[in-house]
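As provided, query.pdb (PDB, C-alpha atoms, pLDDT in the B column) reads as follows.
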```pdb
MODEL        1
ATOM      1  CA  MET P   2      48.089  66.027  -6.279  1.00 52.00           C
ATOM      2  CA  SER P   3      50.770  68.439  -7.417  1.00 53.00           C
ATOM      3  CA  SER P   4      53.151  67.866 -10.284  1.00 59.00           C
ATOM      4  CA  ALA P   5      55.898  66.830  -7.832  1.00 70.00           C
ATOM      5  CA  LYS P   6      56.623  63.115  -7.699  1.00 73.00           C
ATOM      6  CA  PRO P   7      54.893  61.639  -4.626  1.00 75.00           C
ATOM      7  CA  ARG P   8      57.023  60.103  -1.888  1.00 75.00           C
ATOM      8  CA  PRO P   9      56.999  56.309  -1.916  1.00 79.00           C
ATOM      9  CA  ARG P  10      54.442  55.164   0.646  1.00 79.00           C
ATOM     10  CA  TRP P  11      56.692  52.707   2.458  1.00 79.00           C
ATOM     11  CA  LEU P  12      58.970  55.535   3.611  1.00 81.00           C
ATOM     12  CA  PHE P  13      56.875  55.926   6.766  1.00 82.00           C
ATOM     13  CA  LEU P  14      58.519  52.690   7.953  1.00 83.00           C
ATOM     14  CA  ILE P  15      61.824  54.440   8.578  1.00 84.00           C
ATOM     15  CA  THR P  16      60.503  57.436  10.480  1.00 86.00           C
ATOM     16  CA  PRO P  17      61.785  57.571  14.080  1.00 87.00           C
ATOM     17  CA  ARG P  18      58.428  56.619  15.574  1.00 87.00           C
ATOM     18  CA  TRP P  19      58.132  53.537  13.386  1.00 88.00           C
ATOM     19  CA  LEU P  20      61.764  52.555  13.946  1.00 91.00           C
ATOM     20  CA  ALA P  21      61.068  52.707  17.683  1.00 91.00           C
ATOM     21  CA  TRP P  22      58.002  50.536  17.108  1.00 90.00           C
ATOM     22  CA  HIS P  23      60.058  47.976  15.125  1.00 92.00           C
ATOM     23  CA  ALA P  24      62.665  47.907  17.885  1.00 93.00           C
ATOM     24  CA  PHE P  25      59.963  47.401  20.493  1.00 92.00           C
ATOM     25  CA  ALA P  26      58.424  44.579  18.409  1.00 92.00           C
ATOM     26  CA  VAL P  27      61.764  42.769  18.182  1.00 94.00           C
ATOM     27  CA  PHE P  28      62.418  43.262  21.887  1.00 93.00           C
ATOM     28  CA  ALA P  29      58.924  42.060  22.819  1.00 92.00           C
ATOM     29  CA  ALA P  30      59.143  38.978  20.586  1.00 93.00           C
ATOM     30  CA  TRP P  31      62.541  38.088  22.020  1.00 94.00           C
ATOM     31  CA  GLY P  32      61.279  38.699  25.544  1.00 93.00           C
ATOM     32  CA  MET P  33      58.227  36.487  25.074  1.00 92.00           C
ATOM     33  CA  LEU P  34      60.328  33.665  23.630  1.00 92.00           C
ATOM     34  CA  TRP P  35      62.725  34.043  26.566  1.00 93.00           C
ATOM     35  CA  LEU P  36      59.807  33.798  28.991  1.00 92.00           C
ATOM     36  CA  GLY P  37      58.613  30.670  27.182  1.00 91.00           C
ATOM     37  CA  ASP P  38      62.059  29.128  27.537  1.00 92.00           C
ATOM     38  CA  TRP P  39      62.161  30.073  31.226  1.00 92.00           C
ATOM     39  CA  GLN P  40      58.744  28.458  31.779  1.00 90.00           C
ATOM     40  CA  PHE P  41      59.948  25.355  29.940  1.00 91.00           C
ATOM     41  CA  HIS P  42      62.821  24.983  32.393  1.00 91.00           C
ATOM     42  CA  ARG P  43      60.467  25.534  35.321  1.00 89.00           C
ATOM     43  CA  ALA P  44      58.120  22.921  33.853  1.00 87.00           C
ATOM     44  CA  GLU P  45      60.981  20.453  33.588  1.00 87.00           C
ATOM     45  CA  GLY P  46      61.729  21.219  37.216  1.00 86.00           C
ATOM     46  CA  GLY P  47      58.321  19.907  38.194  1.00 80.00           C
ATOM     47  CA  ASN P  48      56.033  22.956  38.086  1.00 79.00           C
ATOM     48  CA  ALA P  49      52.841  21.655  36.457  1.00 76.00           C
ATOM     49  CA  LEU P  50      51.347  25.089  35.667  1.00 77.00           C
ATOM     50  CA  SER P  51      54.479  26.033  33.738  1.00 83.00           C
ATOM     51  CA  TRP P  52      53.644  23.502  31.040  1.00 84.00           C
ATOM     52  CA  ALA P  53      50.655  25.624  30.061  1.00 84.00           C
ATOM     53  CA  TYR P  54      52.773  28.788  29.953  1.00 86.00           C
ATOM     54  CA  THR P  55      55.456  26.973  27.955  1.00 89.00           C
ATOM     55  CA  PHE P  56      52.977  26.745  25.110  1.00 88.00           C
ATOM     56  CA  GLU P  57      51.256  30.057  25.719  1.00 88.00           C
ATOM     57  CA  TRP P  58      54.291  32.293  25.361  1.00 90.00           C
ATOM     58  CA  PRO P  59      55.128  31.137  21.811  1.00 91.00           C
ATOM     59  CA  ILE P  60      51.459  31.688  20.875  1.00 91.00           C
ATOM     60  CA  PHE P  61      51.673  35.218  22.262  1.00 90.00           C
ATOM     61  CA  THR P  62      54.875  35.706  20.283  1.00 92.00           C
ATOM     62  CA  ILE P  63      53.118  34.685  17.076  1.00 92.00           C
ATOM     63  CA  PHE P  64      50.253  37.037  17.878  1.00 91.00           C
ATOM     64  CA  GLY P  65      52.710  39.850  18.579  1.00 90.00           C
ATOM     65  CA  VAL P  66      54.386  39.359  15.205  1.00 92.00           C
ATOM     66  CA  VAL P  67      51.001  39.275  13.441  1.00 91.00           C
ATOM     67  CA  PHE P  68      49.988  42.435  15.314  1.00 90.00           C
ATOM     68  CA  TRP P  69      53.181  44.194  14.269  1.00 91.00           C
ATOM     69  CA  ALA P  70      52.633  43.186  10.632  1.00 91.00           C
ATOM     70  CA  LYS P  71      49.014  44.354  10.813  1.00 88.00           C
ATOM     71  CA  THR P  72      50.054  47.795  12.051  1.00 87.00           C
ATOM     72  CA  ILE P  73      52.234  48.141   8.973  1.00 88.00           C
ATOM     73  CA  ILE P  74      49.566  46.872   6.547  1.00 87.00           C
ATOM     74  CA  ASP P  75      46.972  49.105   8.210  1.00 83.00           C
ATOM     75  CA  GLU P  76      49.228  52.131   7.920  1.00 83.00           C
ATOM     76  CA  TYR P  77      50.133  51.341   4.333  1.00 83.00           C
ATOM     77  CA  ARG P  78      46.480  51.116   3.313  1.00 81.00           C
ATOM     78  CA  SER P  79      45.498  54.178   5.289  1.00 74.00           C
ATOM     79  CA  PRO P  80      44.268  56.885   2.923  1.00 67.00           C
ATOM     80  CA  ARG P  81      45.645  59.569   5.205  1.00 58.00           C
ATOM     81  CA  GLY P  82      49.225  60.774   4.872  1.00 50.00           C
ATOM     82  CA  ALA P  83      51.936  58.673   6.450  1.00 46.00           C
ATOM     83  CA  VAL P  84      53.186  61.533   8.615  1.00 46.00           C
ATOM     84  CA  THR P  85      49.888  62.335  10.306  1.00 46.00           C
ATOM     85  CA  SER P  86      49.091  58.674  10.861  1.00 44.00           C
ATOM     86  CA  ALA P  87      52.500  57.883  12.295  1.00 44.00           C
ATOM     87  CA  ALA P  88      51.990  60.705  14.755  1.00 44.00           C
ATOM     88  CA  GLY P  89      48.596  59.269  15.592  1.00 44.00           C
ATOM     89  CA  ALA P  90      50.037  55.793  15.972  1.00 44.00           C
ATOM     90  CA  VAL P  91      51.808  56.525  19.223  1.00 43.00           C
ATOM     91  CA  ALA P  92      50.560  59.842  20.535  1.00 42.00           C
ATOM     92  CA  GLY P  93      47.150  59.933  18.893  1.00 40.00           C
ATOM     93  CA  SER P  94      44.049  60.334  20.986  1.00 39.00           C
ATOM     94  CA  PRO P  95      41.447  57.614  20.515  1.00 42.00           C
ATOM     95  CA  GLY P  96      38.781  60.003  21.727  1.00 41.00           C
ATOM     96  CA  PRO P  97      35.823  61.282  19.784  1.00 39.00           C
ATOM     97  CA  ALA P  98      37.767  64.328  18.570  1.00 39.00           C
ATOM     98  CA  GLY P  99      39.969  62.234  16.304  1.00 39.00           C
ATOM     99  CA  ASP P 100      37.152  59.972  15.212  1.00 41.00           C
ATOM    100  CA  SER P 101      34.218  62.201  14.456  1.00 38.00           C
ATOM    101  CA  LEU P 102      31.532  60.436  12.495  1.00 40.00           C
ATOM    102  CA  PRO P 103      31.823  62.099   9.078  1.00 41.00           C
ATOM    103  CA  GLY P 104      35.571  61.521   9.100  1.00 41.00           C
ATOM    104  CA  ARG P 105      35.123  57.880  10.019  1.00 44.00           C
ATOM    105  CA  ALA P 106      32.574  57.326   7.293  1.00 43.00           C
ATOM    106  CA  HIS P 107      34.846  58.897   4.733  1.00 43.00           C
ATOM    107  CA  THR P 108      37.798  56.785   5.827  1.00 45.00           C
ATOM    108  CA  ALA P 109      35.673  53.677   5.743  1.00 45.00           C
ATOM    109  CA  VAL P 110      34.612  54.284   2.168  1.00 43.00           C
ATOM    110  CA  ALA P 111      38.153  54.965   1.028  1.00 43.00           C
ATOM    111  CA  GLU P 112      39.401  51.830   2.768  1.00 43.00           C
ATOM    112  CA  ASP P 113      36.671  49.757   1.191  1.00 43.00           C
ATOM    113  CA  GLU P 114      37.698  50.861  -2.253  1.00 42.00           C
ATOM    114  CA  GLN P 115      41.336  50.142  -1.558  1.00 43.00           C
ATOM    115  CA  ALA P 116      40.795  46.768   0.055  1.00 44.00           C
ATOM    116  CA  GLY P 117      38.609  45.670  -2.841  1.00 44.00           C
ATOM    117  CA  GLU P 118      35.626  45.109  -0.580  1.00 48.00           C
ATOM    118  CA  ASP P 119      33.372  47.020  -2.910  1.00 58.00           C
ATOM    119  CA  PRO P 120      31.897  43.982  -4.726  1.00 61.00           C
ATOM    120  CA  GLU P 121      30.846  42.519  -1.387  1.00 63.00           C
ATOM    121  CA  LEU P 122      29.251  45.786  -0.344  1.00 66.00           C
ATOM    122  CA  ALA P 123      27.528  46.125  -3.702  1.00 67.00           C
ATOM    123  CA  ALA P 124      26.210  42.576  -3.476  1.00 67.00           C
ATOM    124  CA  TYR P 125      24.945  43.267   0.009  1.00 66.00           C
ATOM    125  CA  ASN P 126      23.210  46.457  -1.085  1.00 68.00           C
ATOM    126  CA  ALA P 127      21.658  44.613  -4.030  1.00 68.00           C
ATOM    127  CA  TYR P 128      20.432  41.947  -1.625  1.00 66.00           C
ATOM    128  CA  LEU P 129      18.896  44.602   0.604  1.00 68.00           C
ATOM    129  CA  ALA P 130      17.258  46.270  -2.382  1.00 68.00           C
ATOM    130  CA  ARG P 131      15.809  42.928  -3.475  1.00 66.00           C
ATOM    131  CA  LEU P 132      14.406  42.309   0.006  1.00 66.00           C
ATOM    132  CA  ASN P 133      13.053  45.827   0.068  1.00 66.00           C
ATOM    133  CA  SER P 134      11.221  45.453  -3.267  1.00 65.00           C
ATOM    134  CA  ARG P 135       9.855  42.109  -2.161  1.00 63.00           C
ATOM    135  CA  THR P 136       8.385  43.565   1.020  1.00 61.00           C
ATOM    136  CA  ALA P 137       7.022  46.509  -0.949  1.00 58.00           C
ATOM    137  CA  ALA P 138       5.362  44.167  -3.456  1.00 55.00           C
ATOM    138  CA  GLY P 139       4.019  41.728  -0.902  1.00 47.00           C
TER     139      GLY P 139
ATOM    140  CA  MET S  24      32.278  44.096   6.154  1.00 71.00           C
ATOM    141  CA  SER S  25      28.576  43.597   6.514  1.00 79.00           C
ATOM    142  CA  PRO S  26      26.700  44.955   9.552  1.00 80.00           C
ATOM    143  CA  GLN S  27      25.863  41.408  10.652  1.00 82.00           C
ATOM    144  CA  LEU S  28      29.535  40.501  10.786  1.00 84.00           C
ATOM    145  CA  VAL S  29      30.320  43.632  12.793  1.00 85.00           C
ATOM    146  CA  ARG S  30      27.552  42.763  15.257  1.00 86.00           C
ATOM    147  CA  LEU S  31      28.800  39.187  15.497  1.00 88.00           C
ATOM    148  CA  ALA S  32      32.338  40.373  16.208  1.00 87.00           C
ATOM    149  CA  VAL S  33      31.072  42.767  18.871  1.00 88.00           C
ATOM    150  CA  ARG S  34      28.942  40.072  20.521  1.00 89.00           C
ATOM    151  CA  ALA S  35      31.842  37.608  20.544  1.00 91.00           C
ATOM    152  CA  TYR S  36      34.113  40.286  22.008  1.00 90.00           C
ATOM    153  CA  ARG S  37      31.646  41.154  24.785  1.00 90.00           C
ATOM    154  CA  THR S  38      31.191  37.485  25.686  1.00 91.00           C
ATOM    155  CA  MET S  39      34.923  36.868  25.843  1.00 91.00           C
ATOM    156  CA  ALA S  40      35.543  40.110  27.758  1.00 90.00           C
ATOM    157  CA  TYR S  41      33.137  39.080  30.502  1.00 92.00           C
ATOM    158  CA  VAL S  42      34.182  35.413  30.626  1.00 92.00           C
ATOM    159  CA  THR S  43      37.905  36.212  30.653  1.00 91.00           C
ATOM    160  CA  GLY S  44      37.438  39.071  33.110  1.00 90.00           C
ATOM    161  CA  THR S  45      35.437  36.901  35.507  1.00 91.00           C
ATOM    162  CA  MET S  46      38.024  34.113  35.321  1.00 90.00           C
ATOM    163  CA  LEU S  47      40.838  36.551  36.043  1.00 90.00           C
ATOM    164  CA  CYS S  48      38.971  37.964  39.052  1.00 90.00           C
ATOM    165  CA  ILE S  49      38.502  34.427  40.413  1.00 90.00           C
ATOM    166  CA  LEU S  50      42.187  33.731  39.837  1.00 86.00           C
ATOM    167  CA  VAL S  51      43.502  36.892  41.455  1.00 87.00           C
ATOM    168  CA  PHE S  52      41.023  37.406  44.296  1.00 89.00           C
ATOM    169  CA  ILE S  53      40.327  33.787  45.313  1.00 86.00           C
ATOM    170  CA  CYS S  54      42.940  31.365  43.987  1.00 84.00           C
ATOM    171  CA  ILE S  55      46.126  33.368  44.550  1.00 84.00           C
ATOM    172  CA  PRO S  56      45.194  34.190  48.177  1.00 82.00           C
ATOM    173  CA  LEU S  57      44.546  30.445  48.650  1.00 83.00           C
ATOM    174  CA  GLN S  58      47.980  29.692  47.258  1.00 83.00           C
ATOM    175  CA  VAL S  59      49.747  32.293  49.374  1.00 82.00           C
ATOM    176  CA  TRP S  60      47.985  31.882  52.708  1.00 87.00           C
ATOM    177  CA  ALA S  61      46.460  28.395  52.580  1.00 86.00           C
ATOM    178  CA  HIS S  62      49.359  26.879  50.583  1.00 82.00           C
ATOM    179  CA  ASN S  63      46.925  25.208  48.225  1.00 81.00           C
ATOM    180  CA  ASP S  64      48.302  25.223  44.663  1.00 79.00           C
ATOM    181  CA  VAL S  65      45.479  23.320  43.000  1.00 82.00           C
ATOM    182  CA  PRO S  66      43.065  26.246  42.345  1.00 83.00           C
ATOM    183  CA  VAL S  67      45.823  28.357  40.800  1.00 83.00           C
ATOM    184  CA  ASP S  68      46.914  25.487  38.569  1.00 82.00           C
ATOM    185  CA  ILE S  69      43.397  24.942  37.243  1.00 86.00           C
ATOM    186  CA  VAL S  70      42.109  28.513  36.984  1.00 87.00           C
ATOM    187  CA  GLY S  71      45.512  29.839  35.868  1.00 85.00           C
ATOM    188  CA  THR S  72      45.639  27.412  32.965  1.00 86.00           C
ATOM    189  CA  LEU S  73      42.017  28.154  32.130  1.00 88.00           C
ATOM    190  CA  HIS S  74      42.619  31.907  32.106  1.00 88.00           C
ATOM    191  CA  GLY S  75      45.680  31.403  29.923  1.00 86.00           C
ATOM    192  CA  ILE S  76      43.629  29.559  27.322  1.00 89.00           C
ATOM    193  CA  LEU S  77      40.735  32.034  27.563  1.00 90.00           C
ATOM    194  CA  TYR S  78      43.094  34.973  27.174  1.00 90.00           C
ATOM    195  CA  ILE S  79      44.483  33.536  23.936  1.00 90.00           C
ATOM    196  CA  ILE S  80      40.921  33.251  22.588  1.00 91.00           C
ATOM    197  CA  TYR S  81      40.098  36.714  23.966  1.00 91.00           C
ATOM    198  CA  ILE S  82      43.061  38.376  22.303  1.00 91.00           C
ATOM    199  CA  VAL S  83      42.189  36.935  18.874  1.00 90.00           C
ATOM    200  CA  ILE S  84      38.476  37.791  19.135  1.00 91.00           C
ATOM    201  CA  ALA S  85      39.134  41.247  20.585  1.00 90.00           C
ATOM    202  CA  PHE S  86      41.574  41.986  17.769  1.00 90.00           C
ATOM    203  CA  ALA S  87      38.990  40.888  15.191  1.00 88.00           C
ATOM    204  CA  MET S  88      36.497  43.218  16.868  1.00 88.00           C
ATOM    205  CA  THR S  89      38.856  46.206  16.725  1.00 87.00           C
ATOM    206  CA  ARG S  90      39.274  45.576  12.988  1.00 85.00           C
ATOM    207  CA  ALA S  91      35.505  45.202  12.528  1.00 84.00           C
ATOM    208  CA  VAL S  92      34.793  48.597  14.089  1.00 83.00           C
ATOM    209  CA  ARG S  93      37.730  50.087  12.185  1.00 82.00           C
ATOM    210  CA  MET S  94      39.912  51.038  15.109  1.00 83.00           C
ATOM    211  CA  LYS S  95      43.472  51.698  13.974  1.00 83.00           C
ATOM    212  CA  VAL S  96      45.823  48.790  14.675  1.00 82.00           C
ATOM    213  CA  ALA S  97      48.626  50.946  16.041  1.00 78.00           C
ATOM    214  CA  SER S  98      46.437  52.973  18.376  1.00 81.00           C
ATOM    215  CA  PRO S  99      46.383  53.157  22.170  1.00 84.00           C
ATOM    216  CA  GLY S 100      42.744  52.045  22.098  1.00 86.00           C
ATOM    217  CA  THR S 101      43.546  48.727  20.401  1.00 87.00           C
ATOM    218  CA  ILE S 102      46.471  48.046  22.717  1.00 87.00           C
ATOM    219  CA  ILE S 103      44.364  48.834  25.802  1.00 89.00           C
ATOM    220  CA  VAL S 104      41.639  46.444  24.599  1.00 89.00           C
ATOM    221  CA  LEU S 105      44.138  43.617  24.074  1.00 88.00           C
ATOM    222  CA  ALA S 106      46.003  44.209  27.340  1.00 88.00           C
ATOM    223  CA  ALA S 107      42.815  44.498  29.404  1.00 88.00           C
ATOM    224  CA  GLY S 108      42.492  40.698  29.570  1.00 85.00           C
ATOM    225  CA  THR S 109      45.539  40.470  31.829  1.00 86.00           C
ATOM    226  CA  ILE S 110      44.566  43.098  34.428  1.00 87.00           C
ATOM    227  CA  PRO S 111      41.805  42.261  36.936  1.00 86.00           C
ATOM    228  CA  VAL S 112      38.505  44.167  36.553  1.00 87.00           C
ATOM    229  CA  LEU S 113      39.878  46.207  33.628  1.00 88.00           C
ATOM    230  CA  THR S 114      38.048  44.170  30.950  1.00 88.00           C
ATOM    231  CA  PHE S 115      34.690  45.331  32.339  1.00 89.00           C
ATOM    232  CA  VAL S 116      35.738  48.981  32.345  1.00 89.00           C
ATOM    233  CA  VAL S 117      37.345  48.799  28.908  1.00 89.00           C
ATOM    234  CA  GLU S 118      34.323  47.003  27.414  1.00 89.00           C
ATOM    235  CA  ARG S 119      32.090  49.911  28.425  1.00 89.00           C
ATOM    236  CA  TRP S 120      34.564  52.485  27.171  1.00 89.00           C
ATOM    237  CA  VAL S 121      35.020  50.742  23.811  1.00 87.00           C
ATOM    238  CA  SER S 122      31.265  50.340  23.412  1.00 86.00           C
ATOM    239  CA  ARG S 123      30.734  54.049  23.909  1.00 85.00           C
ATOM    240  CA  THR S 124      33.710  55.327  21.944  1.00 84.00           C
ATOM    241  CA  TYR S 125      34.014  52.912  18.998  1.00 84.00           C
ATOM    242  CA  ILE S 126      31.307  50.272  18.794  1.00 85.00           C
ATOM    243  CA  ALA S 127      28.267  52.547  18.987  1.00 83.00           C
ATOM    244  CA  PRO S 128      29.523  54.920  16.232  1.00 82.00           C
ATOM    245  CA  ALA S 129      30.631  51.973  14.074  1.00 81.00           C
ATOM    246  CA  LEU S 130      27.245  50.266  14.344  1.00 81.00           C
ATOM    247  CA  ALA S 131      25.503  53.557  13.607  1.00 81.00           C
ATOM    248  CA  GLY S 132      27.693  53.966  10.517  1.00 73.00           C
ATOM    249  CA  ALA S 133      27.539  50.332   9.408  1.00 56.00           C
ATOM    250  CA  ALA S 134      23.753  50.171   9.308  1.00 50.00           C
ATOM    251  CA  PRO S 135      22.359  53.305   7.681  1.00 47.00           C
ATOM    252  CA  SER S 136      18.701  53.998   8.353  1.00 43.00           C
ATOM    253  CA  GLU S 137      17.404  52.748   4.996  1.00 41.00           C
ATOM    254  CA  GLN S 138      18.999  49.321   5.543  1.00 41.00           C
ATOM    255  CA  GLN S 139      17.806  48.753   9.046  1.00 40.00           C
ATOM    256  CA  PRO S 140      14.086  47.914   8.557  1.00 40.00           C
ATOM    257  CA  VAL S 141      14.729  45.053   6.124  1.00 40.00           C
ATOM    258  CA  LEU S 142      17.177  43.323   8.455  1.00 42.00           C
ATOM    259  CA  ARG S 143      14.456  41.789  10.593  1.00 39.00           C
TER     260      ARG S 143
ENDMDL
END
```
I'd like the structure from this file rewritten - as structure tokens, please.
Amino acid sequence: MSSAKPRPRWLFLITPRWLAWHAFAVFAAWGMLWLGDWQFHRAEGGNALSWAYTFEWPIFTIFGVVFWAKTIIDEYRSPRGAVTSAAGAVAGSPGPAGDSLPGRAHTAVAEDEQAGEDPELAAYNAYLARLNSRTAAG
Amino acid sequence: MSPQLVRLAVRAYRTMAYVTGTMLCILVFICIPLQVWAHNDVPVDIVGTLHGILYIIYIVIAFAMTRAVRMKVASPGTIIVLAAGTIPVLTFVVERWVSRTYIAPALAGAAPSEQQPVLR
């Protein structure tokens, strides 16, 4: 936290890696819709199985769009810097090295605070404490 | 997210991974050979449709699980988990790998030792 004005968080969206990801998302969505259209024509031609795929491809397209949006939301909420996370987004190793336990715990706490999940967690802890005192008393 | 919810997500994911994986194995190793060599389209029509529906359920549940154990959305791990439902046998391998790499640490972190005794 220096005196310099911090970069706006959304700027990670226009880094080359993320631009490539956006391009891939558009291409994939278009491709899946095209496949759905192709299956629709096959279905009209008398292929019974194609009717199922006619409906499945648009569902996959919707999921793909949701997934793409989630990557952005996830990155935006990430407490780590945009640059390191963007690098991790494509080239990052999912192995234990990048996800050692103390680091994970720390990230989890920070995310909880940001996502406003703290009241839920507090309520849960209070519930546990209540149970605990009850067992201790009884 | 409470530890119970994480466990529920993991259990749902494991169920769907095995059901979807089994259905895909039946489709690829039994039904498609029947279609190609015995010219019988019926098994592929039935099992293919079934796997399509199961995969849609799988992808939603698996994605919920990756969020529950706090895997990053834009990570190779998440993409491998979601794609595994379309490649024969891979769901079984990926389920074991995810359990070891993400689920076990997440469950260990989600239920600290002082909370565990009161849960049951």
Measure the distance from CA of Tyr77 in chain P to CA of Ile103 in chain S in Å and round it to one decimal.
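Taking CA of Tyr77 in chain P as the start and CA of Ile103 in chain S as the end point, the length is 22.4 Å.
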Residue list for chain S near chain P as a list in words, 6 Å, all atoms listed in the file: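 Contact residues on the first chain: Asp68, Val96, Ala97, Ser98 and Gly100 of chain S.
Interatomic distance, CA of Met94 in chain S against CA of Val66 in chain P: 18.6 Å.
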Separation of CA of Ala40 in chain S from CA of Gly108 in chain S in Å: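 It comes out at 7.2 Å.
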**Study point:** Nearest residue to Ile69 in chain S from the set S:Pro99, S:Ala32, S:Trp120, S:Leu50 (distances using all atoms listed in the file)
**Key:**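 Among the listed residues, S:Leu50 lies closest to Ile69 in chain S.
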| message | Starting from the PyMOL selection byres ((chain S and resi 82) around 10), expand the selection into actual residues of this file and give them as an MDAnalysis selection string. | response | (chainID P and resid 61 64) or (chainID S and resid 36 39:40 77:81 83:88 104:108)
Of S:Asn63, S:Ser122, S:Gln27, S:Thr109, the one sitting nearest Val51 in chain S when using only C-alpha atoms is S:Thr109
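Taken over the shown file, the PyMOL selection byres ((chain S and resi 111) around 6) identifies S:Leu47, S:Cys48, S:Ile110, S:Val112, S:Leu113.
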Keeping C-alpha atoms, export the residues of the selection given above as a short mmCIF file (atom, residue, chain, number, x, y, z; two decimals), keeping the file's coordinate frame.
```
data_model
loop_
_atom_site.label_atom_id
_atom_site.label_comp_id
_atom_site.auth_asym_id
_atom_site.auth_seq_id
_atom_site.Cartn_x
_atom_site.Cartn_y
_atom_site.Cartn_z
CA LEU S 47 40.84 36.55 36.04
CA CYS S 48 38.97 37.96 39.05
CA ILE S 110 44.57 43.10 34.43
CA VAL S 112 38.51 44.17 36.55
CA LEU S 113 39.88 46.21 33.63
#
```
Notebook entry, point to check: Mind telling me what the PyMOL selection byres ((chain S and resi 66) around 10) catches here, as a list in words?
Noted result: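 Residues picked by the PyMOL selection byres ((chain S and resi 66) around 10): Ile49, Leu50, Ile53, Cys54, Ile55, Leu57, Gln58, Asn63, Asp64, Val65, Val67, Asp68, Ile69, Val70, Gly71 and Thr72 of chain S.
Proximity ranking of S:Leu31, S:His62, S:Arg37, S:Pro56 relative to Val117 in chain S places S:Arg37 first, based on only C-alpha atoms.
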Range 23-40 of chain P rebuilt with N, CA and C atoms, output as a short mmCIF file (atom, residue, chain, number, x, y, z; two decimals), keeping the file's coordinate frame:
```cif
data_model
loop_
_atom_site.label_atom_id
_atom_site.label_comp_id
_atom_site.auth_asym_id
_atom_site.auth_seq_id
_atom_site.Cartn_x
_atom_site.Cartn_y
_atom_site.Cartn_z
N HIS P 23 59.41 49.22 15.58
CA HIS P 23 60.06 47.98 15.12
C HIS P 23 60.97 47.44 16.22
N ALA P 24 61.74 48.33 16.83
CA ALA P 24 62.66 47.91 17.89
C ALA P 24 61.88 47.28 19.04
N PHE P 25 60.78 47.94 19.40
CA PHE P 25 59.96 47.40 20.49
C PHE P 25 59.41 46.03 20.12
N ALA P 26 58.99 45.87 18.85
CA ALA P 26 58.42 44.58 18.41
C ALA P 26 59.47 43.48 18.52
N VAL P 27 60.70 43.77 18.10
CA VAL P 27 61.76 42.77 18.18
C VAL P 27 62.04 42.43 19.64
N PHE P 28 62.15 43.47 20.47
CA PHE P 28 62.42 43.26 21.89
C PHE P 28 61.30 42.44 22.53
N ALA P 29 60.05 42.77 22.21
CA ALA P 29 58.92 42.06 22.82
C ALA P 29 58.90 40.60 22.37
N ALA P 30 59.15 40.36 21.09
CA ALA P 30 59.14 38.98 20.59
C ALA P 30 60.24 38.17 21.28
N TRP P 31 61.43 38.78 21.36
CA TRP P 31 62.54 38.09 22.02
C TRP P 31 62.20 37.83 23.48
N GLY P 32 61.63 38.83 24.14
CA GLY P 32 61.28 38.70 25.54
C GLY P 32 60.27 37.59 25.77
N MET P 33 59.27 37.50 24.89
CA MET P 33 58.23 36.49 25.07
C MET P 33 58.81 35.09 24.84
N LEU P 34 59.70 34.97 23.86
CA LEU P 34 60.33 33.66 23.63
C LEU P 34 61.21 33.29 24.83
N TRP P 35 61.88 34.30 25.39
CA TRP P 35 62.72 34.04 26.57
C TRP P 35 61.87 33.57 27.73
N LEU P 36 60.72 34.21 27.92
CA LEU P 36 59.81 33.80 28.99
C LEU P 36 59.31 32.37 28.77
N GLY P 37 59.04 32.02 27.49
CA GLY P 37 58.61 30.67 27.18
C GLY P 37 59.69 29.66 27.54
N ASP P 38 60.93 30.01 27.22
CA ASP P 38 62.06 29.13 27.54
C ASP P 38 62.22 28.97 29.05
N TRP P 39 62.06 30.09 29.76
CA TRP P 39 62.16 30.07 31.23
C TRP P 39 61.08 29.17 31.82
N GLN P 40 59.84 29.30 31.29
CA GLN P 40 58.74 28.46 31.78
C GLN P 40 59.00 26.99 31.46
#
```
